[in-house]
file query27.cif (mmCIF, C-alpha atoms)
data_work
loop_
_atom_site.label_atom_id
_atom_site.label_comp_id
_atom_site.auth_asym_id
_atom_site.auth_seq_id
_atom_site.Cartn_x
_atom_site.Cartn_y
_atom_site.Cartn_z
CA MET B 25 -11.82 41.01 -32.30
CA GLY B 26 -14.70 40.56 -29.93
CA SER B 27 -15.93 39.09 -26.66
CA ILE B 28 -18.82 39.21 -24.17
CA GLY B 29 -20.76 42.46 -24.24
CA SER B 30 -22.96 44.08 -21.62
CA ASP B 31 -26.19 43.15 -23.41
CA ARG B 32 -25.11 40.58 -25.99
CA PRO B 33 -22.99 37.43 -25.66
CA VAL B 34 -20.90 38.29 -28.74
CA VAL B 35 -19.81 41.83 -29.59
CA TYR B 36 -17.04 42.82 -32.03
CA TRP B 37 -15.19 46.11 -31.85
CA THR B 38 -16.29 46.86 -35.41
CA ASP B 39 -19.96 46.83 -34.28
CA GLU B 40 -21.65 50.23 -34.33
CA ASP B 41 -22.73 49.94 -30.70
CA PHE B 42 -19.33 48.80 -29.41
CA ALA B 43 -18.85 51.95 -27.31
CA SER B 44 -22.14 51.42 -25.48
CA GLU B 45 -21.30 47.75 -24.83
CA LEU B 46 -17.86 48.63 -23.44
CA LYS B 47 -17.75 48.79 -19.63
CA PRO B 48 -14.91 49.04 -17.08
CA LEU B 49 -13.40 45.70 -16.00
CA ARG B 50 -15.43 43.77 -18.59
CA ALA B 51 -14.15 41.51 -21.36
CA LEU B 52 -14.42 44.06 -24.17
CA GLN B 53 -11.66 46.11 -22.53
CA LEU B 54 -9.20 43.58 -23.92
CA VAL B 55 -10.32 44.08 -27.54
CA ASP B 56 -10.77 47.85 -27.54
CA PRO B 57 -8.18 49.19 -30.03
CA ASN B 58 -8.45 52.68 -28.53
CA ARG B 59 -7.98 51.61 -24.93
CA ARG B 60 -5.48 53.46 -22.78
CA ASN B 61 -2.72 51.27 -21.40
CA CYS B 62 -2.78 50.45 -17.71
CA THR B 63 -0.03 52.38 -15.93
CA LEU B 64 1.44 51.75 -12.51
CA LYS B 65 1.26 54.35 -9.77
CA PRO B 66 4.77 55.19 -8.60
CA GLN B 67 5.76 54.44 -5.02
CA LYS B 68 6.14 57.37 -2.66
CA SER B 69 9.86 56.75 -2.39
CA SER B 70 10.46 56.56 -6.13
CA ASN B 71 9.02 57.78 -9.42
CA VAL B 72 9.89 54.44 -11.05
CA PRO B 73 7.48 51.65 -10.00
CA PRO B 74 8.78 48.08 -9.60
CA GLN B 75 8.28 45.76 -12.57
CA ASN B 76 6.11 43.21 -10.82
CA LYS B 77 4.05 45.42 -8.52
CA CYS B 78 0.46 44.16 -8.42
CA GLN B 79 -2.07 46.92 -9.12
CA LYS B 80 -5.60 47.04 -10.45
CA CYS B 81 -6.68 49.08 -13.46
CA PRO B 82 -10.14 50.10 -14.78
CA GLN B 83 -9.03 49.34 -18.35
CA ALA B 84 -8.32 45.71 -17.41
CA TYR B 85 -10.60 42.65 -17.48
CA LYS B 86 -11.67 41.31 -14.10
CA ALA B 87 -11.99 37.52 -14.14
CA TRP B 88 -15.26 37.32 -12.23
CA PRO B 89 -18.70 36.05 -13.40
CA VAL B 90 -20.99 38.64 -14.99
CA ARG B 91 -24.03 38.50 -17.23
CA ASN B 92 -23.52 36.19 -20.26
CA SER B 93 -20.31 34.71 -18.80
CA GLY B 94 -21.70 31.46 -17.38
CA PRO B 95 -23.11 30.17 -14.06
CA LYS B 96 -22.11 32.10 -10.95
CA ASP B 97 -21.62 28.91 -8.94
CA ALA B 98 -18.89 27.62 -11.26
CA THR B 99 -15.37 27.07 -9.90
CA THR B 100 -13.79 28.70 -12.95
CA VAL B 101 -14.36 31.78 -15.09
CA VAL B 102 -14.11 31.36 -18.86
CA LEU B 103 -13.16 34.35 -20.99
CA PRO B 104 -13.81 34.00 -24.75
CA LEU B 105 -11.97 36.22 -27.19
CA TYR B 106 -13.28 36.01 -30.75
CA PHE B 107 -11.85 36.75 -34.18
CA GLU B 108 -14.24 38.19 -36.71
CA GLU B 109 -12.33 36.52 -39.54
CA ALA B 110 -10.58 33.17 -39.99
CA THR B 111 -7.25 33.41 -38.17
CA GLN B 112 -4.15 31.32 -37.55
CA ILE B 113 -2.36 31.94 -34.23
CA SER B 114 1.34 31.29 -33.71
CA LYS B 115 1.67 32.83 -30.22
CA LEU B 116 -0.35 34.44 -27.43
CA LYS B 117 0.96 36.84 -24.80
CA ILE B 118 -0.99 37.39 -21.60
CA VAL B 119 -0.34 39.91 -18.83
CA GLN B 120 -2.16 39.66 -15.50
CA LEU B 121 -1.99 42.69 -13.21
CA THR B 122 -3.18 41.10 -9.95
CA ASN B 123 -3.88 37.63 -8.59
CA PRO B 124 -2.65 35.58 -11.61
CA SER B 125 -4.93 32.55 -11.92
CA LEU B 126 -4.89 31.40 -15.55
CA LEU B 127 -5.53 27.65 -15.74
CA LYS B 128 -5.67 26.89 -19.47
CA VAL B 129 -5.99 28.30 -22.97
CA GLU B 130 -7.94 26.55 -25.75
CA LEU B 131 -8.51 27.28 -29.43
CA LEU B 132 -11.98 27.63 -30.94
CA ALA B 133 -12.66 26.07 -34.33
CA TRP B 134 -13.60 28.23 -37.31
CA PRO B 135 -16.29 29.31 -37.95
CA LEU B 136 -17.98 30.36 -34.73
CA THR B 137 -21.63 29.31 -34.74
CA LEU B 138 -24.50 30.92 -32.83
CA ASP B 139 -27.69 29.32 -31.57
CA LYS B 140 -31.19 30.70 -32.18
CA LYS B 141 -30.79 33.15 -29.29
CA GLY B 142 -27.49 34.48 -30.59
CA ALA B 143 -25.38 32.68 -28.00
CA PRO B 144 -22.08 31.18 -29.20
CA VAL B 145 -21.73 27.41 -29.52
CA TRP B 146 -18.12 26.69 -28.63
CA THR B 147 -16.25 23.95 -30.49
CA VAL B 148 -12.82 23.49 -28.95
CA ARG B 149 -10.10 22.50 -31.41
CA GLY B 150 -7.69 19.90 -30.12
CA LYS B 151 -5.89 19.91 -26.79
CA PRO B 152 -5.24 23.09 -24.74
CA VAL B 153 -2.23 25.08 -25.94
CA TYR B 154 -1.54 25.98 -22.31
CA GLU B 155 -2.26 24.39 -18.93
CA ALA B 156 -0.98 25.65 -15.60
CA VAL B 157 1.41 23.19 -13.97
CA GLY B 158 -0.27 21.56 -10.98
CA GLY B 159 -3.40 23.64 -11.55
CA GLU B 160 -1.78 26.78 -10.12
CA ASP B 161 -0.65 29.91 -11.96
CA THR B 162 2.70 31.03 -10.58
CA THR B 163 3.25 33.87 -13.07
CA PRO B 164 4.31 37.10 -11.30
CA CYS B 165 2.05 40.14 -11.60
CA ARG B 166 2.62 42.17 -14.77
CA GLN B 167 4.99 39.60 -16.24
CA GLU B 168 4.21 38.66 -19.82
CA LEU B 169 3.27 34.99 -20.18
CA PRO B 170 4.17 33.85 -23.71
CA ILE B 171 2.24 30.87 -25.06
CA PRO B 172 3.65 29.55 -28.35
CA VAL B 173 1.39 27.49 -30.57
CA PRO B 174 3.17 24.65 -32.42
CA ASP B 175 3.39 25.09 -36.20
CA ARG B 176 1.42 21.92 -36.81
CA THR B 177 -1.41 23.27 -34.65
CA SER B 178 -1.28 26.86 -35.86
CA GLY B 179 -0.88 26.10 -39.56
CA ILE B 180 1.17 29.27 -39.83
CA LYS B 181 3.57 27.73 -42.37
CA LEU B 182 0.88 26.36 -44.66
CA ARG B 183 0.68 27.85 -48.14
CA VAL B 184 -2.25 30.19 -48.71
CA LYS B 185 -3.23 30.17 -52.37
CA ALA B 186 -4.40 33.34 -54.04
CA GLY B 187 -8.04 33.77 -54.94
CA GLY B 188 -9.51 31.88 -52.01
CA SER B 189 -12.03 32.99 -49.39
CA GLN B 190 -12.92 32.34 -45.79
CA GLN B 191 -16.07 30.57 -46.95
CA SER B 192 -14.11 28.07 -49.04
CA LEU B 193 -10.92 27.35 -47.11
CA SER B 194 -8.88 24.35 -48.16
CA PRO B 195 -9.20 21.36 -45.79
CA ARG B 196 -5.73 22.00 -44.32
CA LEU B 197 -6.40 25.70 -43.71
CA LYS B 198 -9.86 25.06 -42.26
CA LYS B 199 -8.37 22.48 -39.87
CA THR B 200 -5.99 25.09 -38.42
CA ALA B 201 -8.12 28.25 -38.66
CA VAL B 202 -9.61 29.50 -35.40
CA SER B 203 -12.52 31.75 -34.49
CA GLY B 204 -11.06 32.66 -31.11
CA VAL B 205 -9.65 31.39 -27.86
CA LEU B 206 -11.01 30.39 -24.46
CA LEU B 207 -9.07 31.50 -21.39
CA THR B 208 -10.05 29.68 -18.21
CA PHE B 209 -9.28 31.27 -14.84
CA LYS B 210 -9.60 29.86 -11.35
CA LYS B 211 -12.49 31.56 -9.58
CA PRO B 212 -11.54 32.81 -6.10
CA LYS B 213 -13.90 32.87 -3.12
CA ARG B 214 -14.22 36.64 -3.19
CA ALA B 215 -14.46 39.12 -6.05
CA ARG B 216 -11.59 41.22 -4.68
CA GLN B 217 -9.29 38.22 -5.17
CA ALA B 218 -10.05 37.90 -8.90
CA ALA B 219 -7.35 38.20 -11.52
CA PHE B 220 -7.11 41.48 -13.40
CA VAL B 221 -5.96 40.86 -16.98
CA GLY B 222 -4.10 43.79 -18.49
CA SER B 223 -3.71 42.49 -22.03
CA VAL B 224 -3.98 39.52 -24.35
CA THR B 225 -2.12 39.90 -27.63
CA PHE B 226 -1.66 37.57 -30.58
CA GLU B 227 0.82 36.79 -33.33
CA GLY B 228 -0.38 35.11 -36.50
CA ARG B 229 -2.28 35.94 -39.67
CA VAL B 230 -5.79 36.46 -40.99
CA LEU B 231 -6.77 34.20 -43.89
CA TYR B 232 -8.23 36.10 -46.85
CA PRO B 233 -9.02 39.26 -44.84
CA THR B 234 -12.02 41.30 -45.88
CA LEU B 235 -12.06 43.95 -43.14
CA ASP B 236 -10.02 47.09 -43.78
CA VAL B 237 -8.83 47.47 -40.19
CA TYR B 238 -5.46 45.74 -39.93
CA GLY B 239 -3.12 48.51 -41.06
CA ARG B 240 -2.15 49.60 -37.54
CA TRP B 241 -0.92 46.09 -36.67
CA LYS B 242 1.21 45.39 -39.73
CA PRO B 243 4.83 44.58 -38.80
CA LYS B 244 7.24 47.42 -39.45
CA LYS B 245 9.79 46.64 -42.15
#
call {"tool": "encode", "arguments": {"input": "query27.cif", "output": "structure tokens"}}
result
Amino acid sequence: MGSIGSDRPVVYWTDEDFASELKPLRALQLVDPNRRNCTLKPQKSSNVPPQNKCQKCPQAYKAWPVRNSGPKDATTVVLPLYFEEATQISKLKIVQLTNPSLLKVELLAWPLTLDKKGAPVWTVRGKPVYEAVGGEDTTPCRQELPIPVPDRTSGIKLRVKAGGSQQSLSPRLKKTAVSGVLLTFKKPKRARQAAFVGSVTFEGRVLYPTLDVYGRWKPKK
């Protein structure tokens, strides 16, 4: 997976310079496979913190404009998360640690294309798979927000024939394959009011995988 880097608009965690592109509170925190989980600080009166206590974490993503993330005068902040290989998504799970403000989630068509300067050219596939009711995110802090993707949209039940490749997907597979997702957050007036995103996880499958990195995420039988 990948996202916005410190010096480049698209960085994948398999890149050799990933560690140098990784910064606290930036987008790449969400795709770092070696990231430490955010943990709550216990209250003085108890060693067990409450489930929905809002706390910040340096290993989270802060939904606030930075370099390569769009104009600073925008009313929203868009977080792209990219897949290095053609992927079909059946569900997303998002956890916000503070100030939940997710407005919508969109799928990006496969393949992801870059312009001459290396900036991504986003092609949104279909309608959003999630939109906040009334334009307001009412999800409690630290509560997992599950976002199922309909089978017809995800293509998860389509047959994948042996011997194919990501460069020659069948029309039906190419129509449902994605190169990533766009998460749009409401931009607050002040940086301290920005949402802190603890995690974004996915369920689905990679079509004709070529990278030897997926072993740790295989379902246990």
call {"tool": "resolve_selection", "arguments": {"input": "query27.cif", "expression": "the PyMOL selection byres ((chain B and resi 216) around 12)", "output": "list in words"}}
result
Gln79, Lys80, Lys86, Ala87, Trp88, Thr122, Asn123, Lys211, Pro212, Lys213, Arg214, Ala215, Gln217, Ala218, Ala219 and Phe220 of chain B
call {"tool": "closest_atom_pairs", "arguments": {"input": "query27.cif", "of": "stretch 94-157 of chain B", "to": "stretch 27-46 of chain B", "cutoff": "7 Å", "atoms": "only C-alpha atoms", "output": "JSON lines"}}
result
{"residue": "B:Pro104", "atom": "CA", "partner": "B:Ser27", "partner_atom": "CA", "distance": 5.8}
{"residue": "B:Leu105", "atom": "CA", "partner": "B:Ser27", "partner_atom": "CA", "distance": 4.9}
{"residue": "B:Tyr106", "atom": "CA", "partner": "B:Ser27", "partner_atom": "CA", "distance": 5.8}
{"residue": "B:Ala143", "atom": "CA", "partner": "B:Pro33", "partner_atom": "CA", "distance": 5.8}
call {"tool": "closest_residue", "arguments": {"input": "query27.cif", "among": "B:Asn58, B:Gln190, B:Gln53, B:Thr147", "to": "B:Leu235", "atoms": "all atoms listed in the file"}}
result
B:Gln190
call {"tool": "atom_distance", "arguments": {"input": "query27.cif", "atom1": "atom CA of B:Thr162", "atom2": "atom CA of B:Pro124"}}
result
7.1 Å
call {"tool": "atom_distance", "arguments": {"input": "query27.cif", "atom1": "atom CA of B:Leu103", "atom2": "atom CA of B:Leu231"}}
result
23.8 Å
call {"tool": "residues_around", "arguments": {"input": "query27.cif", "residues": "B:Val221", "least_positions_apart": "2", "cutoff": "7 Å", "atoms": "only C-alpha atoms", "output": "list in words"}}
result
Ala84, Tyr85, Lys86, Val119, Gln120, Leu121, Ala219 and Ser223 of chain B
call {"tool": "write_last_selection", "arguments": {"input": "query27.cif", "atoms": "C-alpha atoms", "output": "PDB file, in the coordinates of the input"}}
result
ATOM      1  CA  ALA B  84      -8.320  45.710 -17.410  1.00  0.00           C
ATOM      2  CA  TYR B  85     -10.600  42.650 -17.480  1.00  0.00           C
ATOM      3  CA  LYS B  86     -11.670  41.310 -14.100  1.00  0.00           C
ATOM      4  CA  VAL B 119      -0.340  39.910 -18.830  1.00  0.00           C
ATOM      5  CA  GLN B 120      -2.160  39.660 -15.500  1.00  0.00           C
ATOM      6  CA  LEU B 121      -1.990  42.690 -13.210  1.00  0.00           C
ATOM      7  CA  ALA B 219      -7.350  38.200 -11.520  1.00  0.00           C
ATOM      8  CA  SER B 223      -3.710  42.490 -22.030  1.00  0.00           C
TER       9      SER B 223
END
call {"tool": "atom_distance", "arguments": {"input": "query27.cif", "atom1": "atom CA of B:Ala201", "atom2": "atom CA of B:Lys185"}}
result
14.7 Å
call {"tool": "closest_residue", "arguments": {"input": "query27.cif", "among": "B:Leu52, B:Lys77, B:Arg176, B:Val157", "to": "B:Val224", "atoms": "all atoms listed in the file"}}
result
B:Leu52
